[in-house]
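Undergrad: Below you will find the structure I want to go over with you.
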There are 2 protein chains.
Amino acid sequence: MTRREALQSLGAALAVPYLGQSGVQPNAESLSDIHKHVEGHYSDHLKALRTYIQRKSISSENVGVRECAEMLVEDFGKLGCREAHLVETDGFPVAWGLYDVGAPRTLVVYSLYDVVHVVEKEWSSPPFEARVVPMKGLGKAVVGRGAVNSKGPFRALLNAMESVIAIRKQLPLNVAFVIEGEEELGSPHLPQFFAKQGNSLKGAHGCLTPGAGQNLQGNVVVSLGNRGLVYLELEASGSRMKRGPKKFDLSSYQQTIVESPVWRLVEALSTMTEKSGTRPRIEELNRAVAPLSNEDQDLVAALLTSFDPDKTWKQMFAVEEFADGLSGKALLERQIFAPSLCIDGIWAGYTGPGVATLMPQKATAKLDYRLVPGQDFAKAVPAIKRHLAENGFADIDVRVLSGYNWSRTSPKAQIVQSLVRTYRKAGFDPLMWPMGAAANPSYLFTEPPLSIPKIGGGLGHGARQHSVDEYLVVEGEGRIAGLVEAEKFYVDFLYDFARS
Amino acid sequence: MTRREALQSLGAALAVPYLGQSGVQPNAESLSDIHKHVEGHYSDHLKALRTYIQRKSISSENVGVRECAEMLVEDFGKLGCREAHLVETDGFPVAWGLYDVGAPRTLVVYSLYDVVHVVEKEWSSPPFEARVVPMKGLGKAVVGRGAVNSKGPFRALLNAMESVIAIRKQLPLNVAFVIEGEEELGSPHLPQFFAKQGNSLKGAHGCLTPGAGQNLQGNVVVSLGNRGLVYLELEASGSRMKRGPKKFDLSSYQQTIVESPVWRLVEALSTMTEKSGTRPRIEELNRAVAPLSNEDQDLVAALLTSFDPDKTWKQMFAVEEFADGLSGKALLERQIFAPSLCIDGIWAGYTGPGVATLMPQKATAKLDYRLVPGQDFAKAVPAIKRHLAENGFADIDVRVLSGYNWSRTSPKAQIVQSLVRTYRKAGFDPLMWPMGAAANPSYLFTEPPLSIPKIGGGLGHGARQHSVDEYLVVEGEGRIAGLVEAEKFYVDFLYDFARS
């Protein structure tokens, strides 16, 4: 099918106005005065963005997290927020800001101020210096932890708002900032924020998570949801094994007659996936996976008309070939709609240099299962425990560290339509990503009682989140937007959504 | 079979003189003057022993190793050694001492001055304070890393020698000390010592490794050899996987379409053993295992008449039940004669507190395979690599960190007979352990060109080597010897071997 056919098919299926069937017109208000301000303040804005990255805030290691939240709250105050304070939880606080000018429409901005850890020696430039370096075929990029996930795009939005206020005195809508510091930990305490402050969000018209929405080819995608997450620790311990070392490590020469907790964990794990993790084998969860709807199939077909998953991902992920030799449609469907089970970490015994002979008394692994529609967070952990028990591994301790359900937003929601119109105004035909692969707690917004449509987006390109040399392009080449274009995009989006 | 029958059967099979069929008589020389000196110097000798433990020397972490070797060399000089110096290798040096009084017989003392690492917070008293604490049913014990493996017994022998010299001016034989600092690393550079200094050992009549030879019931065993060792690192890496992450960690949401090195390692390991590690499945190595000889079967039967492996090991290892529900003869035979494959350590990805979502780019495990007669070190690594390749895991990197062959000494050797006679003089009927489970590089002594019979032994009890709360009894209860009895034993042994 051609791109046009795919879009028509998609449009017909979903009746989405941004495909041309609607009477809503793109907003014609001239924003060139604000755009000029953005252009004239590139170096200030870049500096502000780099400052955010330089403010190290590794939640898993409790490094600088609260200090970073305080910086945000200070910035909300400077912006003119009526409320700007930390909302405490049992973990790291949420940076809360309420910009309220009594406008008819209210936008929620959800993002995160925490980042994941780094293995600094593997980076080509120090991850918290946020150096600007040339990147072949892309332009210039800032390299640093948090560059794309998610300090860079969030700061670009703040920069845009500052330019709006500098020229027009105030924003055209109310904004509620919900910026959390535990997203990289699986948002364990975010529900506490909603219990305390959720009423302030009631009636908000949409929620945006700013992001660098362009892929390597410059195309933009709009993600209509995300997978859920179950984050677990699995532990084998001699204390729970009939024939294992009950109390302490043994010398490895007892391996002939004493069962090893490390081998035990290896055996248990080996029942849980096939093909090096690319096919989870928790059958009860596999059976729950909902089949792709016709709409989803149309969305996939539309995506494929301008997005080449093989080429893009091989480059982005440094991979030569994908699981099961997948490519094209099958590859895209697997990545979007398949549940996954990843070992994020594993450890036992002696892990230093050289030789030490011992049988460890316990062995532990961290795993995350990504939930897809049809699957239910509440049923996932019992299913995993049943899988272990049925395979003879009832002694494996299963600890739930974090988790939440998947979330989807209707493509008909006004915030989706505003975002898509703004993309088209900027010259990009956005493709709808039926569901992003990344897990996040969007269900807290999209599910009752709030039921706020939520979407992520923005212009710009970055990659390698959670990996080495994470980057965000700030001076783009070709179709890749730089920081100036990203900020102008947010200006346009704010006015479109305010007027829609 | 009764104990007497078993011993007769064993004696008949091996024609060993210590069972009474020989004309060699126990040495009748009175050593009571030396014994009195030992008794009168208990607190000095205990202090010397504790000092050795306090001198932390963790070879795997390069903590205090050389300093410990220098202390030993200084002590060799004080003892009256004609040669006392470090013999350098590419790793940690060997502490070498040659006590040469032109005596007709020469004893080699082989031991180690390095210890394995500790997890200090798990110990009931600090592992390098060497506190003396009461232990229920045993008496008083010194608790510390190296207490039984092997600084305690070695220092007891030195104490005994000092008492001999204090009373008799000199030892009744020549002694060559070969004390290495890399035993816990698998003795990777010990062959270099033999290349440099091996000629000095030519013609030596026997080699003793001092040890605490009593088990929890007070019985003593004499070990006639040991298993070999193959110490490996196995690593799965995306760089060697067709469908893995070639260059860097990915976010765990790529687990749907990219194969994970951690799962890959888990899959490869899961082919290598059964029953939580208690049955290695490297079939080529399994097939090479020599069947038990009649002599070995007799030795096992004799052992069982006074050694209860079930009861002893359950207590020593904190285990409720053994692999395959083994007990008695089958348990003992498994522990002595079966090869083993232990995972000493495993690590990949994020191992800190809380949540981090990533697919690690590589995963590593340390393993040791213990070789038994019939198996050959030179063939073991190729067999393991073939096993991996045949099971589809040729991409797993196999790195050999250390290794050596198994070793056995004839029960007819004079040093074995001297040791056994000395045990009987002290009131203990030693049982022959056909082969100890622990791996060590004895083959360097027992194989050509040196062909020096080698044996380990001594009075006393200690346990938990390589584990938490390692201990050596210094004031024994019931049949358990304390330090005084251990030293008197060595005095008697030295004279017996000198005169034999």
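Identifiers in this document derive from the order of the structure tokens: chains are assigned A, B, ..., residues are numbered from 1 separately in each chain, and ligands are numbered from 1 in order of occurrence.
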Up to 6 Å from chain B, what residues of chain A turn up? Count only C-alpha atoms and give them as a ChimeraX atom specification.
TA: /A:185,243,245-246,249-253,255-260,263-264,266-267,270,276-278,318-319,321-323,335,340,342,344-351,355,357-359,437-438,466-467
Undergrad: Near stretch 474-483 of chain B, within 8 Å and counting only C-alpha atoms, which residues show up once chain neighbours fewer than 2 positions away are dropped, as a list in words?
TA: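 Once the nearby chain positions are removed, what remains is Tyr42, Leu46, Gly137, Leu138, Gly139, Lys140, Ala141, Val142, Ala156, Gln214, Leu216, Gln217, Gly218, Leu459, Gly460, His461, Leu472, Glu485, Ala486 and Glu487 of chain B.
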Undergrad: Could you take the residues named above and write them with all heavy atoms, as a tab-separated table (two decimals), in the first residue's frame?
TA:
```tsv
chain	number	residue	atom	x	y	z
B	42	TYR	N	52.60	-21.71	75.42
B	42	TYR	CA	51.30	-21.64	74.72
B	42	TYR	C	50.91	-20.21	74.35
B	42	TYR	O	50.54	-19.92	73.21
B	42	TYR	CB	50.20	-22.28	75.56
B	42	TYR	CG	48.81	-21.99	75.03
B	42	TYR	CD1	48.41	-22.45	73.78
B	42	TYR	CD2	47.89	-21.25	75.79
B	42	TYR	CE1	47.14	-22.19	73.29
B	42	TYR	CE2	46.62	-20.99	75.30
B	42	TYR	CZ	46.25	-21.45	74.04
B	42	TYR	OH	45.00	-21.18	73.55
B	46	LEU	N	50.40	-18.88	70.69
B	46	LEU	CA	49.09	-18.42	70.24
B	46	LEU	C	49.20	-17.01	69.65
B	46	LEU	O	48.61	-16.68	68.62
B	46	LEU	CB	48.09	-18.44	71.40
B	46	LEU	CG	46.69	-17.88	71.09
B	46	LEU	CD1	46.01	-18.67	69.97
B	46	LEU	CD2	45.81	-17.87	72.33
B	137	GLY	N	31.02	-27.21	72.35
B	137	GLY	CA	31.41	-28.60	72.08
B	137	GLY	C	32.80	-28.76	71.53
B	137	GLY	O	33.27	-29.88	71.33
B	138	LEU	N	33.47	-27.63	71.26
B	138	LEU	CA	34.79	-27.73	70.65
B	138	LEU	C	35.90	-27.19	71.54
B	138	LEU	O	37.03	-27.63	71.45
B	138	LEU	CB	34.82	-26.96	69.32
B	138	LEU	CG	33.91	-27.47	68.21
B	138	LEU	CD1	33.91	-26.52	67.03
B	138	LEU	CD2	34.37	-28.87	67.77
B	139	GLY	N	35.54	-26.24	72.41
B	139	GLY	CA	36.55	-25.59	73.25
B	139	GLY	C	36.64	-24.12	72.89
B	139	GLY	O	35.62	-23.45	72.75
B	140	LYS	N	37.89	-23.63	72.77
B	140	LYS	CA	38.07	-22.25	72.34
B	140	LYS	C	38.74	-22.25	70.97
B	140	LYS	O	39.64	-23.05	70.71
B	140	LYS	CB	38.95	-21.48	73.34
B	140	LYS	CG	38.25	-21.15	74.64
B	140	LYS	CD	39.14	-20.27	75.50
B	140	LYS	CE	38.48	-19.98	76.84
B	140	LYS	NZ	39.42	-19.30	77.76
B	141	ALA	N	38.30	-21.31	70.15
B	141	ALA	CA	38.85	-21.27	68.80
B	141	ALA	C	39.23	-19.85	68.43
B	141	ALA	O	38.64	-18.89	68.93
B	141	ALA	CB	37.82	-21.80	67.79
B	142	VAL	N	40.23	-19.73	67.59
B	142	VAL	CA	40.55	-18.44	67.02
B	142	VAL	C	39.73	-18.32	65.74
B	142	VAL	O	39.66	-19.24	64.93
B	142	VAL	CB	42.07	-18.28	66.78
B	142	VAL	CG1	42.61	-19.33	65.83
B	142	VAL	CG2	42.41	-16.89	66.29
B	156	ALA	N	51.50	-23.23	63.55
B	156	ALA	CA	51.67	-24.24	64.59
B	156	ALA	C	52.92	-25.07	64.33
B	156	ALA	O	53.69	-25.39	65.25
B	156	ALA	CB	50.43	-25.14	64.65
B	214	GLN	N	41.69	-32.93	62.02
B	214	GLN	CA	40.56	-33.55	62.72
B	214	GLN	C	39.22	-32.99	62.25
B	214	GLN	O	39.07	-31.79	62.05
B	214	GLN	CB	40.68	-33.29	64.23
B	214	GLN	CG	41.85	-34.02	64.88
B	214	GLN	CD	41.82	-33.82	66.38
B	214	GLN	OE1	42.25	-32.77	66.87
B	214	GLN	NE2	41.32	-34.80	67.10
B	216	LEU	N	34.88	-32.81	62.99
B	216	LEU	CA	34.10	-32.39	64.16
B	216	LEU	C	34.03	-33.46	65.25
B	216	LEU	O	33.84	-33.15	66.42
B	216	LEU	CB	32.67	-32.03	63.74
B	216	LEU	CG	32.44	-30.60	63.27
B	216	LEU	CD1	31.01	-30.47	62.74
B	216	LEU	CD2	32.66	-29.60	64.41
B	217	GLN	N	34.17	-34.71	64.81
B	217	GLN	CA	34.11	-35.80	65.79
B	217	GLN	C	35.48	-36.11	66.39
B	217	GLN	O	35.62	-37.02	67.21
B	217	GLN	CB	33.52	-37.04	65.11
B	217	GLN	CG	32.09	-36.81	64.63
B	217	GLN	CD	31.71	-37.70	63.47
B	217	GLN	OE1	32.43	-37.80	62.48
B	217	GLN	NE2	30.56	-38.36	63.59
B	218	GLY	N	36.49	-35.37	65.96
B	218	GLY	CA	37.83	-35.59	66.48
B	218	GLY	C	38.65	-36.57	65.66
B	218	GLY	O	39.84	-36.74	65.90
B	459	LEU	N	47.39	-32.40	63.78
B	459	LEU	CA	46.27	-32.51	64.71
B	459	LEU	C	45.54	-31.17	64.80
B	459	LEU	O	46.11	-30.13	64.51
B	459	LEU	CB	46.76	-32.93	66.09
B	459	LEU	CG	46.84	-34.43	66.40
B	459	LEU	CD1	47.11	-34.65	67.88
B	459	LEU	CD2	45.55	-35.17	66.00
B	460	GLY	N	44.30	-31.23	65.27
B	460	GLY	CA	43.53	-30.00	65.43
B	460	GLY	C	42.31	-30.00	64.53
B	460	GLY	O	42.18	-30.83	63.63
B	461	HIS	N	41.41	-29.06	64.84
B	461	HIS	CA	40.18	-28.96	64.05
B	461	HIS	C	39.85	-27.50	63.73
B	461	HIS	O	39.95	-26.62	64.58
B	461	HIS	CB	39.00	-29.58	64.81
B	461	HIS	CG	37.68	-29.21	64.20
B	461	HIS	ND1	37.26	-29.74	63.01
B	461	HIS	CD2	36.71	-28.34	64.60
B	461	HIS	CE1	36.08	-29.22	62.69
B	461	HIS	NE2	35.73	-28.37	63.65
B	472	LEU	N	39.81	-22.01	63.89
B	472	LEU	CA	40.72	-23.10	64.25
B	472	LEU	C	40.67	-23.22	65.77
B	472	LEU	O	40.87	-22.24	66.48
B	472	LEU	CB	42.15	-22.78	63.81
B	472	LEU	CG	43.22	-23.80	64.24
B	472	LEU	CD1	43.08	-25.10	63.45
B	472	LEU	CD2	44.62	-23.22	64.06
B	485	GLU	N	48.61	-29.50	71.65
B	485	GLU	CA	48.63	-30.88	71.14
B	485	GLU	C	49.06	-30.90	69.66
B	485	GLU	O	49.78	-31.81	69.23
B	485	GLU	CB	47.25	-31.53	71.28
B	485	GLU	CG	46.82	-31.78	72.73
B	485	GLU	CD	46.33	-30.51	73.42
B	485	GLU	OE1	45.85	-29.59	72.73
B	485	GLU	OE2	46.47	-30.42	74.66
B	486	ALA	N	48.61	-29.91	68.92
B	486	ALA	CA	48.98	-29.85	67.50
B	486	ALA	C	50.49	-29.70	67.36
B	486	ALA	O	51.13	-30.35	66.52
B	486	ALA	CB	48.26	-28.69	66.81
B	487	GLU	N	51.07	-28.86	68.21
B	487	GLU	CA	52.51	-28.61	68.10
B	487	GLU	C	53.32	-29.83	68.56
B	487	GLU	O	54.34	-30.18	67.95
B	487	GLU	CB	52.89	-27.36	68.89
B	487	GLU	CG	52.28	-26.10	68.25
B	487	GLU	CD	52.59	-24.81	69.01
B	487	GLU	OE1	53.48	-24.83	69.89
B	487	GLU	OE2	51.94	-23.80	68.71
```
Undergrad: Using only C-alpha atoms for the distances, tell me which of B:Arg499, B:Arg168, B:His45, B:Lys488 is nearest to B:Ala103.
TA: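 Counting only C-alpha atoms, the residue closest to B:Ala103 is B:Arg499.
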Undergrad: What is the atom CA of A:Ser418-atom CA of A:Ala84 distance in Å, reported with one decimal?
TA: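 Interatomic distance here is 26.9 Å.
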Undergrad: To one decimal place, how far is atom CA of A:Ser30 from atom CA of A:Pro104 in Å?
TA: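 If I compute the distance from atom CA of A:Ser30 to atom CA of A:Pro104, I get 20.2 Å.
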Undergrad: Set the distance at 12 Å and use only C-alpha atoms: which residues neighbour A:Val73 once local chain neighbours fewer than 6 positions away are removed? I'd like the list as a compact mmCIF listing (two decimals) with C-alpha atoms, in the first residue's frame.
TA:
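What landed in part.txt:
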```txt
# COMPACT_ATOMS: atom_id res chain seq x y z
CA ARG A 66 16.45 16.51 45.58
CA GLU A 67 18.83 19.32 44.60
CA LEU A 79 8.30 31.53 35.15
CA GLY A 80 5.42 33.02 37.17
CA CYS A 81 3.82 29.93 38.62
CA ARG A 82 1.26 30.68 41.33
CA GLU A 83 2.22 27.43 43.03
CA ALA A 84 5.78 26.14 42.91
CA HIS A 85 6.90 23.66 45.50
CA LEU A 86 7.97 20.11 46.10
CA VAL A 87 5.24 17.55 46.75
CA PRO A 93 9.57 14.54 45.69
CA VAL A 94 7.58 15.65 42.67
CA ALA A 95 8.47 19.13 41.42
CA TRP A 96 5.06 20.82 41.19
CA GLY A 97 4.28 24.07 39.45
CA LEU A 98 0.92 25.64 38.68
CA TYR A 99 0.91 28.47 36.17
CA TYR A 113 14.02 15.07 36.40
CA PHE A 177 3.88 20.88 35.90
CA VAL A 178 4.19 17.35 37.28
CA ILE A 179 7.89 16.52 37.10
CA GLU A 180 8.83 13.42 39.02
```
Undergrad: Applying 8 Å and only C-alpha atoms, which residues near stretch 171-173 of chain B remain after dropping the ones on its own chain fewer than 6 positions away? List them as an NGL selection string.
TA: :B and (100-107 or 161 or 164-165 or 494-495 or 498)
Undergrad: So how far away is atom CA of A:Ser32 from atom CA of A:Asp492, in Å?
TA: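 That distance, rounded to one decimal, is 9.8 Å.
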Undergrad: Among stretch 372-455 of chain B, which residues carry a DSSP assignment of strand (DSSP E), reported as a list in words?
TA: Asp397, Val398, Arg399, Val400, Leu401, Ser402, Gly403, Tyr404, Ser407, Arg408, Leu431, Met432, Trp433, Gly436, Ala437, Ala438, Ala439, Lys454 and Ile455 of chain B
Undergrad: Restricting the calculation to only C-alpha atoms, which member of B:Val65, B:Ala290, B:Leu444, B:Ala330 is positioned closest to B:Gln375?
TA: B:Ala290
Undergrad: DSSP on the backbone: which residues in stretch 34-180 of chain A end up as helix (DSSP H, G or I)? Give the answer as a ChimeraX atom specification.
TA: /A:34-40,42-54,59-61,65-79,120-122,151-168
Undergrad: Could you name the residues that touch stretch 425-429 of chain A at 9 Å or less, counting only C-alpha atoms, but leaving out those on the same chain fewer than 2 positions away, as a PyMOL selection string?
TA: chain A and resi 26+218-221+420-423+431+485+489+492
Undergrad: Okay, now the selection with N, CA and C atoms, as a PDB file, in the first residue's frame?
TA:
```pdb
ATOM      1  N   PRO A  26      -6.012  24.780  10.892  1.00  0.00           N
ATOM      2  CA  PRO A  26      -4.788  25.138  11.598  1.00  0.00           C
ATOM      3  C   PRO A  26      -4.870  26.577  12.068  1.00  0.00           C
ATOM      4  N   GLY A 218      14.632  11.885  10.456  1.00  0.00           N
ATOM      5  CA  GLY A 218      13.963  13.166  10.587  1.00  0.00           C
ATOM      6  C   GLY A 218      12.462  13.047  10.717  1.00  0.00           C
ATOM      7  N   ASN A 219      11.925  11.856  10.536  1.00  0.00           N
ATOM      8  CA  ASN A 219      10.471  11.685  10.655  1.00  0.00           C
ATOM      9  C   ASN A 219      10.027  11.784  12.099  1.00  0.00           C
ATOM     10  N   VAL A 220       8.784  12.256  12.276  1.00  0.00           N
ATOM     11  CA  VAL A 220       8.267  12.336  13.639  1.00  0.00           C
ATOM     12  C   VAL A 220       7.138  11.335  13.823  1.00  0.00           C
ATOM     13  N   VAL A 221       7.082  10.830  15.010  1.00  0.00           N
ATOM     14  CA  VAL A 221       6.031   9.881  15.350  1.00  0.00           C
ATOM     15  C   VAL A 221       5.333  10.381  16.601  1.00  0.00           C
ATOM     16  N   VAL A 420      -0.514  17.089  16.252  1.00  0.00           N
ATOM     17  CA  VAL A 420      -0.356  16.694  14.846  1.00  0.00           C
ATOM     18  C   VAL A 420      -0.428  17.922  13.939  1.00  0.00           C
ATOM     19  N   ARG A 421      -1.385  18.816  14.208  1.00  0.00           N
ATOM     20  CA  ARG A 421      -1.469  20.057  13.404  1.00  0.00           C
ATOM     21  C   ARG A 421      -0.172  20.836  13.469  1.00  0.00           C
ATOM     22  N   THR A 422       0.418  20.923  14.669  1.00  0.00           N
ATOM     23  CA  THR A 422       1.648  21.701  14.831  1.00  0.00           C
ATOM     24  C   THR A 422       2.792  21.065  14.051  1.00  0.00           C
ATOM     25  N   TYR A 423       2.827  19.752  14.065  1.00  0.00           N
ATOM     26  CA  TYR A 423       3.840  19.054  13.263  1.00  0.00           C
ATOM     27  C   TYR A 423       3.663  19.389  11.781  1.00  0.00           C
ATOM     28  N   LEU A 431       3.541  10.384  11.940  1.00  0.00           N
ATOM     29  CA  LEU A 431       2.907   9.072  11.907  1.00  0.00           C
ATOM     30  C   LEU A 431       2.550   8.664  13.329  1.00  0.00           C
ATOM     31  N   GLU A 485      14.401  25.230  16.467  1.00  0.00           N
ATOM     32  CA  GLU A 485      13.200  24.706  15.821  1.00  0.00           C
ATOM     33  C   GLU A 485      12.304  23.981  16.841  1.00  0.00           C
ATOM     34  N   PHE A 489       8.520  25.086  17.745  1.00  0.00           N
ATOM     35  CA  PHE A 489       7.446  24.092  17.682  1.00  0.00           C
ATOM     36  C   PHE A 489       6.580  24.146  18.945  1.00  0.00           C
ATOM     37  N   ASP A 492       4.296  27.153  18.983  1.00  0.00           N
ATOM     38  CA  ASP A 492       3.137  26.940  18.110  1.00  0.00           C
ATOM     39  C   ASP A 492       2.132  25.981  18.743  1.00  0.00           C
TER      40      ASP A 492
END
```
Undergrad: Using only C-alpha atoms, pick whichever of A:Leu303, A:Leu419, A:Ala195, A:Ala394 has the shortest atom-to-atom distance to A:Val491.
TA: A:Leu419
Undergrad: Env of stretch 200-209 of chain A: 6 Å cut, atoms = only C-alpha atoms, seq-sep filter 3 positions within chain, self excluded. Answer as a list in words.
TA: Thr106, Leu107, Val108, Val109, Tyr110, Ser111, Gln197, Ile415, Leu450, Ile452, Pro453, Lys454, Ile455 and Gly456 of chain A
